[in-house]
file entry.cif (mmCIF, C-alpha atoms and all ligand atoms)
data_run
#
loop_
_atom_site.group_PDB
_atom_site.id
_atom_site.type_symbol
_atom_site.label_atom_id
_atom_site.label_comp_id
_atom_site.auth_asym_id
_atom_site.auth_seq_id
_atom_site.Cartn_x
_atom_site.Cartn_y
_atom_site.Cartn_z
ATOM 1 C CA MET A 1 -13.222 -36.886 39.713
ATOM 2 C CA ILE A 2 -10.508 -39.432 40.343
ATOM 3 C CA LYS A 3 -11.943 -42.941 40.056
ATOM 4 C CA LYS A 4 -9.253 -45.068 38.474
ATOM 5 C CA VAL A 5 -5.641 -45.105 39.630
ATOM 6 C CA LEU A 6 -2.483 -46.931 38.616
ATOM 7 C CA VAL A 7 0.257 -47.265 41.229
ATOM 8 C CA VAL A 8 3.722 -47.820 39.702
ATOM 9 C CA GLY A 9 6.091 -49.837 41.906
ATOM 10 C CA ALA A 10 4.637 -52.540 44.140
ATOM 11 C CA GLY A 11 7.230 -52.322 46.918
ATOM 12 C CA GLN A 12 6.709 -51.249 50.529
ATOM 13 C CA MET A 13 5.172 -47.899 49.630
ATOM 14 C CA GLY A 14 3.369 -48.784 46.395
ATOM 15 C CA ALA A 15 1.493 -51.674 48.007
ATOM 16 C CA GLY A 16 0.433 -49.452 50.919
ATOM 17 C CA ILE A 17 -0.742 -46.688 48.572
ATOM 18 C CA ALA A 18 -2.697 -49.184 46.434
ATOM 19 C CA GLN A 19 -4.313 -50.574 49.596
ATOM 20 C CA VAL A 20 -5.552 -47.219 50.913
ATOM 21 C CA CYS A 21 -6.845 -46.238 47.448
ATOM 22 C CA ALA A 22 -8.774 -49.525 47.080
ATOM 23 C CA GLN A 23 -10.134 -49.225 50.630
ATOM 24 C CA ALA A 24 -11.444 -45.763 49.738
ATOM 25 C CA GLY A 25 -13.415 -47.244 46.813
ATOM 26 C CA LEU A 26 -11.108 -46.415 43.882
ATOM 27 C CA GLU A 27 -10.352 -48.877 41.073
ATOM 28 C CA VAL A 28 -6.634 -49.608 41.353
ATOM 29 C CA PHE A 29 -3.995 -51.203 39.139
ATOM 30 C CA LEU A 30 -0.948 -52.251 41.160
ATOM 31 C CA HIS A 31 1.907 -52.197 38.665
ATOM 32 C CA ASP A 32 5.517 -53.339 38.840
ATOM 33 C CA GLN A 33 8.014 -54.313 36.207
ATOM 34 C CA LYS A 34 8.433 -57.585 38.105
ATOM 35 C CA GLU A 35 5.467 -59.964 38.268
ATOM 36 C CA GLU A 36 6.782 -61.386 41.612
ATOM 37 C CA ALA A 37 6.784 -57.873 43.117
ATOM 38 C CA VAL A 38 3.123 -57.391 42.156
ATOM 39 C CA GLN A 39 2.179 -60.749 43.686
ATOM 40 C CA LYS A 40 4.188 -59.996 46.827
ATOM 41 C CA GLY A 41 2.490 -56.593 47.087
ATOM 42 C CA LEU A 42 -0.981 -58.108 46.745
ATOM 43 C CA GLN A 43 -0.136 -60.781 49.318
ATOM 44 C CA SER A 44 1.035 -58.212 51.839
ATOM 45 C CA ILE A 45 -2.181 -56.226 51.283
ATOM 46 C CA GLY A 46 -4.192 -59.453 51.779
ATOM 47 C CA LYS A 47 -2.411 -60.098 55.087
ATOM 48 C CA LEU A 48 -3.016 -56.568 56.383
ATOM 49 C CA LEU A 49 -6.689 -56.661 55.379
ATOM 50 C CA GLY A 50 -7.009 -60.095 57.049
ATOM 51 C CA ARG A 51 -5.585 -58.660 60.257
ATOM 52 C CA ALA A 52 -8.044 -55.727 60.058
ATOM 53 C CA VAL A 53 -10.920 -58.250 59.837
ATOM 54 C CA GLU A 54 -9.558 -60.222 62.843
ATOM 55 C CA LYS A 55 -9.387 -57.021 64.863
ATOM 56 C CA GLY A 56 -12.950 -56.064 63.900
ATOM 57 C CA ARG A 57 -11.880 -52.960 61.982
ATOM 58 C CA MET A 58 -13.311 -54.309 58.724
ATOM 59 C CA THR A 59 -15.854 -56.959 57.713
ATOM 60 C CA GLU A 60 -14.967 -59.976 55.572
ATOM 61 C CA GLY A 61 -17.246 -58.512 52.862
ATOM 62 C CA GLU A 62 -15.331 -55.194 52.878
ATOM 63 C CA LYS A 63 -12.057 -57.085 52.631
ATOM 64 C CA ILE A 64 -13.249 -59.017 49.583
ATOM 65 C CA ALA A 65 -14.659 -55.863 47.941
ATOM 66 C CA THR A 66 -11.343 -54.051 48.527
ATOM 67 C CA GLN A 67 -9.389 -56.928 46.985
ATOM 68 C CA GLN A 68 -11.751 -57.008 43.990
ATOM 69 C CA ARG A 69 -10.900 -53.364 43.278
ATOM 70 C CA LEU A 70 -7.195 -54.277 42.984
ATOM 71 C CA THR A 71 -5.928 -55.474 39.599
ATOM 72 C CA PRO A 72 -2.356 -56.699 39.066
ATOM 73 C CA SER A 73 -0.433 -55.038 36.219
ATOM 74 C CA THR A 74 2.911 -55.531 34.523
ATOM 75 C CA SER A 75 2.200 -53.233 31.574
ATOM 76 C CA LEU A 76 2.122 -49.435 31.865
ATOM 77 C CA GLN A 77 -0.466 -49.511 29.042
ATOM 78 C CA ASP A 78 -2.981 -50.238 31.821
ATOM 79 C CA ALA A 79 -2.708 -46.508 32.644
ATOM 80 C CA ALA A 80 -4.466 -45.684 29.339
ATOM 81 C CA ASP A 81 -7.834 -45.032 30.998
ATOM 82 C CA CYS A 82 -6.654 -43.932 34.462
ATOM 83 C CA ASP A 83 -7.375 -40.537 36.011
ATOM 84 C CA LEU A 84 -4.286 -40.639 38.183
ATOM 85 C CA VAL A 85 -0.950 -42.431 38.383
ATOM 86 C CA ILE A 86 0.984 -42.518 41.650
ATOM 87 C CA GLU A 87 4.620 -43.460 41.100
ATOM 88 C CA ALA A 88 6.512 -45.280 43.873
ATOM 89 C CA VAL A 89 9.491 -46.860 42.084
ATOM 90 C CA VAL A 90 13.082 -46.738 43.376
ATOM 91 C CA GLU A 91 14.455 -43.349 44.465
ATOM 92 C CA LYS A 92 16.511 -42.722 41.311
ATOM 93 C CA MET A 93 15.933 -39.638 39.160
ATOM 94 C CA GLU A 94 16.716 -41.382 35.837
ATOM 95 C CA VAL A 95 14.272 -44.215 36.584
ATOM 96 C CA LYS A 96 11.511 -41.811 37.622
ATOM 97 C CA LYS A 97 12.064 -39.588 34.563
ATOM 98 C CA ALA A 98 11.806 -42.594 32.226
ATOM 99 C CA VAL A 99 8.579 -43.744 33.921
ATOM 100 C CA PHE A 100 7.025 -40.252 33.703
ATOM 101 C CA GLN A 101 7.963 -39.844 30.043
ATOM 102 C CA GLU A 102 6.376 -43.175 29.209
ATOM 103 C CA LEU A 103 3.251 -42.396 31.248
ATOM 104 C CA ASP A 104 2.919 -39.003 29.567
ATOM 105 C CA GLY A 105 2.474 -40.802 26.256
ATOM 106 C CA ILE A 106 0.019 -43.405 27.590
ATOM 107 C CA THR A 107 -2.343 -41.656 30.010
ATOM 108 C CA PRO A 108 -5.387 -39.599 28.949
ATOM 109 C CA LYS A 109 -4.957 -35.814 28.667
ATOM 110 C CA HIS A 110 -6.757 -35.081 31.917
ATOM 111 C CA ALA A 111 -4.717 -37.535 34.022
ATOM 112 C CA ILE A 112 -2.589 -36.323 36.909
ATOM 113 C CA LEU A 113 0.861 -37.852 37.398
ATOM 114 C CA ALA A 114 1.973 -37.928 41.051
ATOM 115 C CA THR A 115 5.238 -39.075 42.596
ATOM 116 C CA ASN A 116 5.818 -40.428 46.084
ATOM 117 C CA THR A 117 9.478 -39.358 46.026
ATOM 118 C CA SER A 118 10.931 -38.526 49.436
ATOM 119 C CA SER A 119 13.776 -36.344 48.185
ATOM 120 C CA LEU A 120 13.852 -35.687 44.437
ATOM 121 C CA ALA A 121 12.733 -32.410 42.815
ATOM 122 C CA ILE A 122 9.144 -32.530 41.527
ATOM 123 C CA THR A 123 9.938 -29.659 39.135
ATOM 124 C CA GLU A 124 12.679 -31.703 37.451
ATOM 125 C CA ILE A 125 10.498 -34.821 37.098
ATOM 126 C CA ALA A 126 7.615 -32.675 35.757
ATOM 127 C CA ALA A 127 9.838 -31.030 33.151
ATOM 128 C CA THR A 128 10.312 -34.375 31.365
ATOM 129 C CA THR A 129 6.568 -34.429 30.524
ATOM 130 C CA LYS A 130 4.372 -32.286 28.264
ATOM 131 C CA ARG A 131 2.006 -31.666 31.200
ATOM 132 C CA PRO A 132 4.158 -30.195 34.003
ATOM 133 C CA ASP A 133 1.056 -28.419 35.349
ATOM 134 C CA GLN A 134 -0.469 -31.870 36.066
ATOM 135 C CA VAL A 135 2.569 -33.318 37.857
ATOM 136 C CA ILE A 136 2.704 -33.186 41.658
ATOM 137 C CA GLY A 137 4.370 -34.732 44.697
ATOM 138 C CA MET A 138 2.223 -36.938 46.914
ATOM 139 C CA HIS A 139 4.537 -38.020 49.712
ATOM 140 C CA PHE A 140 2.993 -40.709 51.898
ATOM 141 C CA MET A 141 4.624 -41.880 55.139
ATOM 142 C CA ASN A 142 5.581 -45.447 55.991
ATOM 143 C CA PRO A 143 3.567 -47.582 56.805
ATOM 144 C CA VAL A 144 0.998 -45.994 54.492
ATOM 145 C CA PRO A 145 -2.174 -47.608 55.919
ATOM 146 C CA VAL A 146 -1.267 -46.353 59.414
ATOM 147 C CA MET A 147 0.332 -42.929 58.980
ATOM 148 C CA LYS A 148 -2.031 -39.999 58.528
ATOM 149 C CA LEU A 149 0.246 -37.441 56.892
ATOM 150 C CA VAL A 150 0.585 -36.795 53.162
ATOM 151 C CA GLU A 151 2.867 -33.981 52.021
ATOM 152 C CA ILE A 152 1.483 -32.518 48.809
ATOM 153 C CA ILE A 153 4.298 -30.868 46.922
ATOM 154 C CA ARG A 154 3.793 -28.352 44.141
ATOM 155 C CA GLY A 155 6.453 -28.276 41.456
ATOM 156 C CA LEU A 156 7.184 -24.857 40.012
ATOM 157 C CA GLN A 157 4.615 -25.427 37.249
ATOM 158 C CA THR A 158 1.946 -27.410 39.155
ATOM 159 C CA SER A 159 -1.507 -25.867 38.630
ATOM 160 C CA GLU A 160 -3.868 -24.909 41.422
ATOM 161 C CA GLU A 161 -6.471 -27.274 39.934
ATOM 162 C CA THR A 162 -4.076 -30.229 40.166
ATOM 163 C CA PHE A 163 -3.199 -29.283 43.742
ATOM 164 C CA LYS A 164 -6.857 -29.057 44.772
ATOM 165 C CA GLU A 165 -7.734 -32.437 43.214
ATOM 166 C CA ILE A 166 -4.893 -34.198 44.989
ATOM 167 C CA GLU A 167 -5.598 -32.431 48.278
ATOM 168 C CA GLU A 168 -9.222 -33.618 48.022
ATOM 169 C CA LEU A 169 -8.119 -37.161 47.175
ATOM 170 C CA ALA A 170 -5.808 -37.294 50.210
ATOM 171 C CA LYS A 171 -8.829 -36.484 52.394
ATOM 172 C CA VAL A 172 -10.926 -39.164 50.648
ATOM 173 C CA LEU A 173 -8.124 -41.625 51.518
ATOM 174 C CA GLY A 174 -8.533 -40.660 55.181
ATOM 175 C CA LYS A 175 -5.251 -38.752 55.278
ATOM 176 C CA VAL A 176 -4.324 -35.274 56.433
ATOM 177 C CA PRO A 177 -2.674 -33.283 53.621
ATOM 178 C CA VAL A 178 -0.164 -30.492 54.124
ATOM 179 C CA SER A 179 0.849 -28.071 51.388
ATOM 180 C CA VAL A 180 4.570 -27.928 50.643
ATOM 181 C CA GLU A 181 6.760 -26.120 48.105
ATOM 182 C CA ASP A 182 9.381 -28.010 46.092
ATOM 183 C CA TYR A 183 12.604 -27.539 48.086
ATOM 184 C CA PRO A 184 15.021 -30.229 49.322
ATOM 185 C CA GLY A 185 13.644 -32.517 52.020
ATOM 186 C CA PHE A 186 10.186 -30.894 51.714
ATOM 187 C CA VAL A 187 9.064 -30.348 55.344
ATOM 188 C CA SER A 188 9.186 -33.672 57.184
ATOM 189 C CA ASN A 189 12.672 -34.817 56.151
ATOM 190 C CA ARG A 190 14.126 -31.300 56.330
ATOM 191 C CA ILE A 191 13.305 -31.235 60.024
ATOM 192 C CA LEU A 192 13.682 -34.917 60.906
ATOM 193 C CA MET A 193 17.010 -35.702 59.233
ATOM 194 C CA PRO A 194 19.048 -32.836 60.762
ATOM 195 C CA MET A 195 17.679 -33.944 64.165
ATOM 196 C CA ILE A 196 18.855 -37.508 63.551
ATOM 197 C CA ASN A 197 22.204 -36.210 62.226
ATOM 198 C CA GLU A 198 22.634 -34.050 65.337
ATOM 199 C CA ALA A 199 21.870 -37.057 67.542
ATOM 200 C CA ILE A 200 24.661 -38.921 65.707
ATOM 201 C CA PHE A 201 27.040 -35.950 66.217
ATOM 202 C CA THR A 202 26.220 -36.082 69.936
ATOM 203 C CA VAL A 203 27.406 -39.711 70.067
ATOM 204 C CA TYR A 204 30.386 -38.990 67.741
ATOM 205 C CA GLU A 205 31.607 -36.181 70.011
ATOM 206 C CA GLY A 206 31.258 -38.381 73.111
ATOM 207 C CA VAL A 207 28.622 -36.174 74.709
ATOM 208 C CA ALA A 208 26.384 -39.135 75.578
ATOM 209 C CA THR A 209 25.838 -42.796 74.765
ATOM 210 C CA VAL A 210 23.432 -44.035 72.090
ATOM 211 C CA GLU A 211 20.990 -45.174 74.785
ATOM 212 C CA ASP A 212 21.178 -41.883 76.703
ATOM 213 C CA VAL A 213 20.608 -39.784 73.566
ATOM 214 C CA ASP A 214 17.501 -41.833 72.773
ATOM 215 C CA THR A 215 16.269 -41.711 76.376
ATOM 216 C CA SER A 216 16.694 -37.915 76.423
ATOM 217 C CA MET A 217 14.459 -37.462 73.401
ATOM 218 C CA LYS A 218 11.933 -40.109 74.437
ATOM 219 C CA LEU A 219 11.423 -39.053 78.026
ATOM 220 C CA GLY A 220 12.443 -35.401 77.726
ATOM 221 C CA MET A 221 10.609 -34.527 74.510
ATOM 222 C CA ASN A 222 7.940 -37.201 74.547
ATOM 223 C CA HIS A 223 9.038 -38.652 71.206
ATOM 224 C CA PRO A 224 7.646 -42.178 70.770
ATOM 225 C CA MET A 225 11.073 -43.435 69.720
ATOM 226 C CA GLY A 226 14.602 -42.037 70.129
ATOM 227 C CA PRO A 227 16.278 -40.532 67.020
ATOM 228 C CA LEU A 228 18.937 -43.250 66.800
ATOM 229 C CA THR A 229 16.371 -46.049 67.037
ATOM 230 C CA LEU A 230 14.363 -44.271 64.367
ATOM 231 C CA ALA A 231 17.467 -43.899 62.173
ATOM 232 C CA ASP A 232 18.051 -47.663 62.438
ATOM 233 C CA PHE A 233 14.458 -48.288 61.348
ATOM 234 C CA ILE A 234 14.630 -45.888 58.387
ATOM 235 C CA GLY A 235 18.030 -47.249 57.275
ATOM 236 C CA LEU A 236 21.281 -45.356 57.802
ATOM 237 C CA ASP A 237 21.968 -45.356 54.044
ATOM 238 C CA THR A 238 18.655 -43.557 53.463
ATOM 239 C CA CYS A 239 19.436 -41.059 56.258
ATOM 240 C CA LEU A 240 22.857 -40.344 54.721
ATOM 241 C CA TYR A 241 21.369 -39.997 51.248
ATOM 242 C CA ILE A 242 18.782 -37.463 52.416
ATOM 243 C CA MET A 243 21.392 -35.464 54.371
ATOM 244 C CA GLU A 244 23.457 -35.319 51.166
ATOM 245 C CA VAL A 245 20.403 -34.057 49.241
ATOM 246 C CA LEU A 246 19.902 -31.292 51.860
ATOM 247 C CA HIS A 247 23.623 -30.447 51.971
ATOM 248 C CA GLU A 248 23.900 -30.193 48.200
ATOM 249 C CA GLY A 249 20.493 -28.591 47.637
ATOM 250 C CA PHE A 250 20.979 -25.748 50.117
ATOM 251 C CA ALA A 251 24.806 -25.570 49.890
ATOM 252 C CA ASP A 252 24.789 -24.961 53.622
ATOM 253 C CA SER A 253 27.268 -26.579 56.035
ATOM 254 C CA LYS A 254 24.578 -26.925 58.690
ATOM 255 C CA TYR A 255 23.386 -29.992 56.753
ATOM 256 C CA ARG A 256 26.787 -31.747 56.564
ATOM 257 C CA PRO A 257 26.383 -35.458 57.295
ATOM 258 C CA CYS A 258 28.130 -36.611 60.473
ATOM 259 C CA PRO A 259 31.368 -38.548 59.738
ATOM 260 C CA LEU A 260 30.153 -41.328 62.048
ATOM 261 C CA LEU A 261 27.023 -41.772 59.903
ATOM 262 C CA LYS A 262 29.205 -42.044 56.802
ATOM 263 C CA GLN A 263 31.458 -44.569 58.521
ATOM 264 C CA TYR A 264 28.559 -46.799 59.590
ATOM 265 C CA VAL A 265 27.229 -46.807 56.030
ATOM 266 C CA GLN A 266 30.727 -47.648 54.696
ATOM 267 C CA ALA A 267 30.843 -50.579 57.136
ATOM 268 C CA GLY A 268 27.469 -51.846 55.913
ATOM 269 C CA TRP A 269 25.888 -51.118 59.307
ATOM 270 C CA LEU A 270 22.652 -49.830 57.818
ATOM 271 C CA GLY A 271 20.364 -50.403 60.792
ATOM 272 C CA LYS A 272 17.640 -52.950 61.400
ATOM 273 C CA LYS A 273 17.678 -54.310 57.836
ATOM 274 C CA THR A 274 21.321 -55.475 58.115
ATOM 275 C CA GLY A 275 21.140 -56.540 61.770
ATOM 276 C CA ARG A 276 23.372 -53.729 62.983
ATOM 277 C CA GLY A 277 23.182 -49.956 63.172
ATOM 278 C CA PHE A 278 23.315 -47.959 66.391
ATOM 279 C CA TYR A 279 21.788 -51.066 67.982
ATOM 280 C CA GLN A 280 22.149 -54.776 67.218
ATOM 281 C CA TYR A 281 19.207 -56.784 65.862
ATOM 282 C CA GLU A 282 18.575 -60.344 64.891
ATOM 283 C CA LYS A 283 19.211 -60.543 61.153
ATOM 284 C CA THR A 284 16.004 -60.436 59.119
ATOM 285 C CA THR A 285 15.771 -62.536 56.001
ATOM 286 C CA GLY A 286 14.692 -61.175 52.623
HETATM 287 P P1 LIG B 1 10.873 -50.613 47.257
HETATM 288 O O1 LIG B 1 12.271 -50.912 46.854
HETATM 289 O O2 LIG B 1 10.221 -51.373 48.361
HETATM 290 O O3 LIG B 1 9.917 -50.719 45.960
HETATM 291 C C1 LIG B 1 10.234 -50.200 44.709
HETATM 292 C C2 LIG B 1 9.549 -51.049 43.645
HETATM 293 O O4 LIG B 1 9.651 -50.389 42.386
HETATM 294 C C3 LIG B 1 10.179 -52.446 43.464
HETATM 295 O O5 LIG B 1 9.176 -53.439 43.591
HETATM 296 C C4 LIG B 1 10.730 -52.397 42.026
HETATM 297 O O6 LIG B 1 10.608 -53.661 41.350
HETATM 298 C C5 LIG B 1 9.831 -51.361 41.381
HETATM 299 N N1 LIG B 1 10.400 -50.708 40.210
HETATM 300 C C6 LIG B 1 11.650 -50.225 40.039
HETATM 301 N N2 LIG B 1 11.762 -49.669 38.816
HETATM 302 C C7 LIG B 1 10.547 -49.783 38.202
HETATM 303 C C8 LIG B 1 10.029 -49.402 36.942
HETATM 304 N N3 LIG B 1 10.790 -48.763 36.058
HETATM 305 N N4 LIG B 1 8.743 -49.694 36.649
HETATM 306 C C9 LIG B 1 7.968 -50.333 37.548
HETATM 307 N N5 LIG B 1 8.399 -50.726 38.774
HETATM 308 C C10 LIG B 1 9.671 -50.448 39.101
HETATM 309 O O7 LIG B 1 10.870 -49.033 47.583
HETATM 310 P P2 LIG B 1 9.904 -48.203 48.560
HETATM 311 O O8 LIG B 1 10.490 -48.146 49.909
HETATM 312 O O9 LIG B 1 8.512 -48.656 48.365
HETATM 313 O O10 LIG B 1 10.072 -46.722 47.948
HETATM 314 C C11 LIG B 1 9.442 -46.325 46.756
HETATM 315 C C12 LIG B 1 9.433 -44.809 46.667
HETATM 316 O O11 LIG B 1 8.768 -44.258 47.807
HETATM 317 C C13 LIG B 1 10.803 -44.137 46.623
HETATM 318 O O12 LIG B 1 10.739 -43.002 45.796
HETATM 319 C C14 LIG B 1 11.034 -43.721 48.067
HETATM 320 O O13 LIG B 1 11.923 -42.637 48.216
HETATM 321 C C15 LIG B 1 9.619 -43.308 48.465
HETATM 322 N N6 LIG B 1 9.335 -43.335 49.900
HETATM 323 C C16 LIG B 1 9.780 -44.353 50.685
HETATM 324 C C17 LIG B 1 9.495 -44.372 52.059
HETATM 325 C C18 LIG B 1 9.978 -45.501 52.911
HETATM 326 O O14 LIG B 1 9.912 -45.365 54.161
HETATM 327 N N7 LIG B 1 10.418 -46.626 52.361
HETATM 328 C C19 LIG B 1 8.704 -43.297 52.688
HETATM 329 C C20 LIG B 1 8.196 -42.322 51.747
HETATM 330 C C21 LIG B 1 8.534 -42.334 50.417
#
call {"tool": "encode", "arguments": {"input": "entry.cif", "output": "structure tokens"}}
result
Amino acid sequence: MIKKVLVVGAGQMGAGIAQVCAQAGLEVFLHDQKEEAVQKGLQSIGKLLGRAVEKGRMTEGEKIATQQRLTPSTSLQDAADCDLVIEAVVEKMEVKKAVFQELDGITPKHAILATNTSSLAITEIAATTKRPDQVIGMHFMNPVPVMKLVEIIRGLQTSEETFKEIEELAKVLGKVPVSVEDYPGFVSNRILMPMINEAIFTVYEGVATVEDVDTSMKLGMNHPMGPLTLADFIGLDTCLYIMEVLHEGFADSKYRPCPLLKQYVQAGWLGKKTGRGFYQYEKTTG
């Protein structure tokens, strides 16, 4: 039974994961190497819970109880009596490997080590530990408290027992798990990113304007948002990075990133976060 969890990385995703775990009644450490990041994460959780109370989706008492289950952490030693660690640090293999190696030496024998990576190989991360059968991918979607899907990714050596425990936990968190094997892009990004890339090719080749491509997919396919708007939200650098992972991982030219996508990233037009991507936005601070 998973009762105590440590979430490593208190950024956008880590804070959301910690929130849904605490809301589901688990004891949660929210860990980051930076104290400010932990405080910022807890503040953003406080704001979201406050909004849930205002909207009548939660009582003030439930909000307080949820917050009491969240403990700030700046030492990985706090994982010493945890049943599960969910890692959500930056998307860099070396950083993740170092975190997993350290956790392998700290956590109890039975503990499962999960990663929220969106593109890195679970099998490779698992191989840095002495418990590859207890390492698994748990890929939440952004924003975590809202999005229902969790891709559960088995590394080559992940055990069935580990898979079942994490699948069960995802349901306890109110999510819908899908079972995925460890290949580049998993399922969601393998399908989404080539669609976004193709939308960019359509603009690059002069087939249609940015607005008309988005309108086609919104009104013609009933997508809530056009692919180019979505790309701007995700960040064009992230889209390019994931296309490169697919291109390299499958060695197949069908995944080649569009030259226009590369050019926008070179220009620093990364989408909403920089004020300009396929659309223009008011610059956000921070
Ligand atoms: P972020 O940049 O908002 O947060 C990362 C946090 O990790 C930062 O607070 C940083 O201080 C901390 N950190 C870095 N190295 C650390 C270490 N060694 N020990 C402890 N903390 C450390 O990043 P974000 O967006 O939350 O992404 C985190 C992970 O989730 C990445 O693997 C990313 O690919 C994945 N992901 C991101 C999604 C998104 O839409 N942003 C969606 C699904 C997965």
call {"tool": "residues_around", "arguments": {"input": "entry.cif", "residues": "Thr115 in chain A", "least_positions_apart": "6", "cutoff": "7 Å", "atoms": "only C-alpha atoms", "output": "list in words"}}
result
Ile86, Glu87, Ala88, Ile136, Gly137 and Met138 of chain A
call {"tool": "residues_near_point", "arguments": {"input": "entry.cif", "point": "(14.0, -31.8, 35.1)", "cutoff": "12 Å", "atoms": "only C-alpha atoms", "output": "list in words"}}
result
Met93, Glu94, Lys96, Lys97, Ala98, Phe100, Gln101, Leu120, Ala121, Ile122, Thr123, Glu124, Ile125, Ala126, Ala127, Thr128, Thr129, Lys130, Pro132, Val135, Gly155, Leu156 and Gln157 of chain A
call {"tool": "closest_atom_pairs", "arguments": {"input": "entry.cif", "of": "chain A", "to": "ligand LIG 1 (chain B)", "cutoff": "7 Å", "atoms": "all atoms listed in the file", "output": "Markdown table"}}
result
| residue | atom | partner | partner_atom | distance |
| --- | --- | --- | --- | --- |
| A:Val8 | CA | B:LIG1 | C9 | 5.4 |
| A:Gly9 | CA | B:LIG1 | O4 | 3.6 |
| A:Ala10 | CA | B:LIG1 | O5 | 4.7 |
| A:Gly11 | CA | B:LIG1 | O3 | 3.3 |
| A:Gln12 | CA | B:LIG1 | O9 | 3.8 |
| A:Met13 | CA | B:LIG1 | O9 | 3.7 |
| A:Gly14 | CA | B:LIG1 | O9 | 5.5 |
| A:His31 | CA | B:LIG1 | C9 | 6.4 |
| A:Asp32 | CA | B:LIG1 | N5 | 3.9 |
| A:Gln33 | CA | B:LIG1 | C9 | 4.2 |
| A:Lys34 | CA | B:LIG1 | O6 | 5.5 |
| A:Ala37 | CA | B:LIG1 | O5 | 5.1 |
| A:Ala88 | CA | B:LIG1 | C12 | 4.1 |
| A:Val89 | CA | B:LIG1 | O4 | 3.5 |
| A:Val90 | CA | B:LIG1 | C1 | 4.7 |
| A:Glu91 | CA | B:LIG1 | O12 | 4.0 |
| A:Val95 | CA | B:LIG1 | N3 | 5.8 |
| A:Val99 | CA | B:LIG1 | N3 | 5.9 |
| A:Asn116 | CA | B:LIG1 | O11 | 5.1 |
| A:Thr117 | CA | B:LIG1 | O12 | 3.9 |
| A:Ser118 | CA | B:LIG1 | O13 | 4.4 |
| A:Ser119 | CA | B:LIG1 | O13 | 6.6 |
| A:His139 | CA | B:LIG1 | C21 | 5.9 |
| A:Phe140 | CA | B:LIG1 | C20 | 5.4 |
| A:Met141 | CA | B:LIG1 | C20 | 4.9 |
| A:Asn142 | CA | B:LIG1 | O14 | 4.7 |
| A:Ile234 | CA | B:LIG1 | O14 | 6.4 |
call {"tool": "resolve_selection", "arguments": {"input": "entry.cif", "expression": "the PyMOL selection byres (((chain A and resi 5) around 9) and not hetatm)", "output": "ChimeraX atom specification"}}
result
/A:2-4,6-7,18,21,26-30,79,81-86
call {"tool": "write_last_selection", "arguments": {"input": "entry.cif", "atoms": "C-alpha atoms", "output": "short mmCIF file (atom, residue, chain, number, x, y, z; two decimals), keeping the file's coordinate frame"}}
result
data_model
loop_
_atom_site.label_atom_id
_atom_site.label_comp_id
_atom_site.auth_asym_id
_atom_site.auth_seq_id
_atom_site.Cartn_x
_atom_site.Cartn_y
_atom_site.Cartn_z
CA ILE A 2 -10.51 -39.43 40.34
CA LYS A 3 -11.94 -42.94 40.06
CA LYS A 4 -9.25 -45.07 38.47
CA LEU A 6 -2.48 -46.93 38.62
CA VAL A 7 0.26 -47.26 41.23
CA ALA A 18 -2.70 -49.18 46.43
CA CYS A 21 -6.84 -46.24 47.45
CA LEU A 26 -11.11 -46.42 43.88
CA GLU A 27 -10.35 -48.88 41.07
CA VAL A 28 -6.63 -49.61 41.35
CA PHE A 29 -4.00 -51.20 39.14
CA LEU A 30 -0.95 -52.25 41.16
CA ALA A 79 -2.71 -46.51 32.64
CA ASP A 81 -7.83 -45.03 31.00
CA CYS A 82 -6.65 -43.93 34.46
CA ASP A 83 -7.38 -40.54 36.01
CA LEU A 84 -4.29 -40.64 38.18
CA VAL A 85 -0.95 -42.43 38.38
CA ILE A 86 0.98 -42.52 41.65
#
call {"tool": "residues_around", "arguments": {"input": "entry.cif", "residues": "Cys258 in chain A", "least_positions_apart": "2", "cutoff": "10 Å", "atoms": "only C-alpha atoms", "output": "list of chain:residue names"}}
result
A:Pro194, A:Ile196, A:Asn197, A:Glu198, A:Ala199, A:Ile200, A:Phe201, A:Thr202, A:Tyr204, A:Leu240, A:Met243, A:Tyr255, A:Arg256, A:Leu260, A:Leu261, A:Lys262, A:Gln263
call {"tool": "write_last_selection", "arguments": {"input": "entry.cif", "atoms": "C-alpha atoms", "output": "compact mmCIF listing (two decimals), in the coordinates of the input"}}
result
# COMPACT_ATOMS: atom_id res chain seq x y z
CA PRO A 194 19.05 -32.84 60.76
CA ILE A 196 18.86 -37.51 63.55
CA ASN A 197 22.20 -36.21 62.23
CA GLU A 198 22.63 -34.05 65.34
CA ALA A 199 21.87 -37.06 67.54
CA ILE A 200 24.66 -38.92 65.71
CA PHE A 201 27.04 -35.95 66.22
CA THR A 202 26.22 -36.08 69.94
CA TYR A 204 30.39 -38.99 67.74
CA LEU A 240 22.86 -40.34 54.72
CA MET A 243 21.39 -35.46 54.37
CA TYR A 255 23.39 -29.99 56.75
CA ARG A 256 26.79 -31.75 56.56
CA LEU A 260 30.15 -41.33 62.05
CA LEU A 261 27.02 -41.77 59.90
CA LYS A 262 29.20 -42.04 56.80
CA GLN A 263 31.46 -44.57 58.52
call {"tool": "residues_around", "arguments": {"input": "entry.cif", "residues": "Lys47 in chain A", "least_positions_apart": "6", "cutoff": "12 Å", "atoms": "all atoms listed in the file", "output": "ChimeraX atom specification"}}
result
/A:15-16,19,40-41,53-54,63,67
call {"tool": "atom_distance", "arguments": {"input": "entry.cif", "atom1": "CA of Pro259 in chain A", "atom2": "CA of Leu219 in chain A"}}
result
27.1 Å
call {"tool": "axis_aligned_box", "arguments": {"input": "entry.cif", "around": "range 174-189 of chain A", "padding_each_side": "6 Å", "output": "JSON"}}
result
{"center_x": 3.2, "center_y": -33.4, "center_z": 51.6, "size_x": 35.6, "size_y": 26.5, "size_z": 23.1}
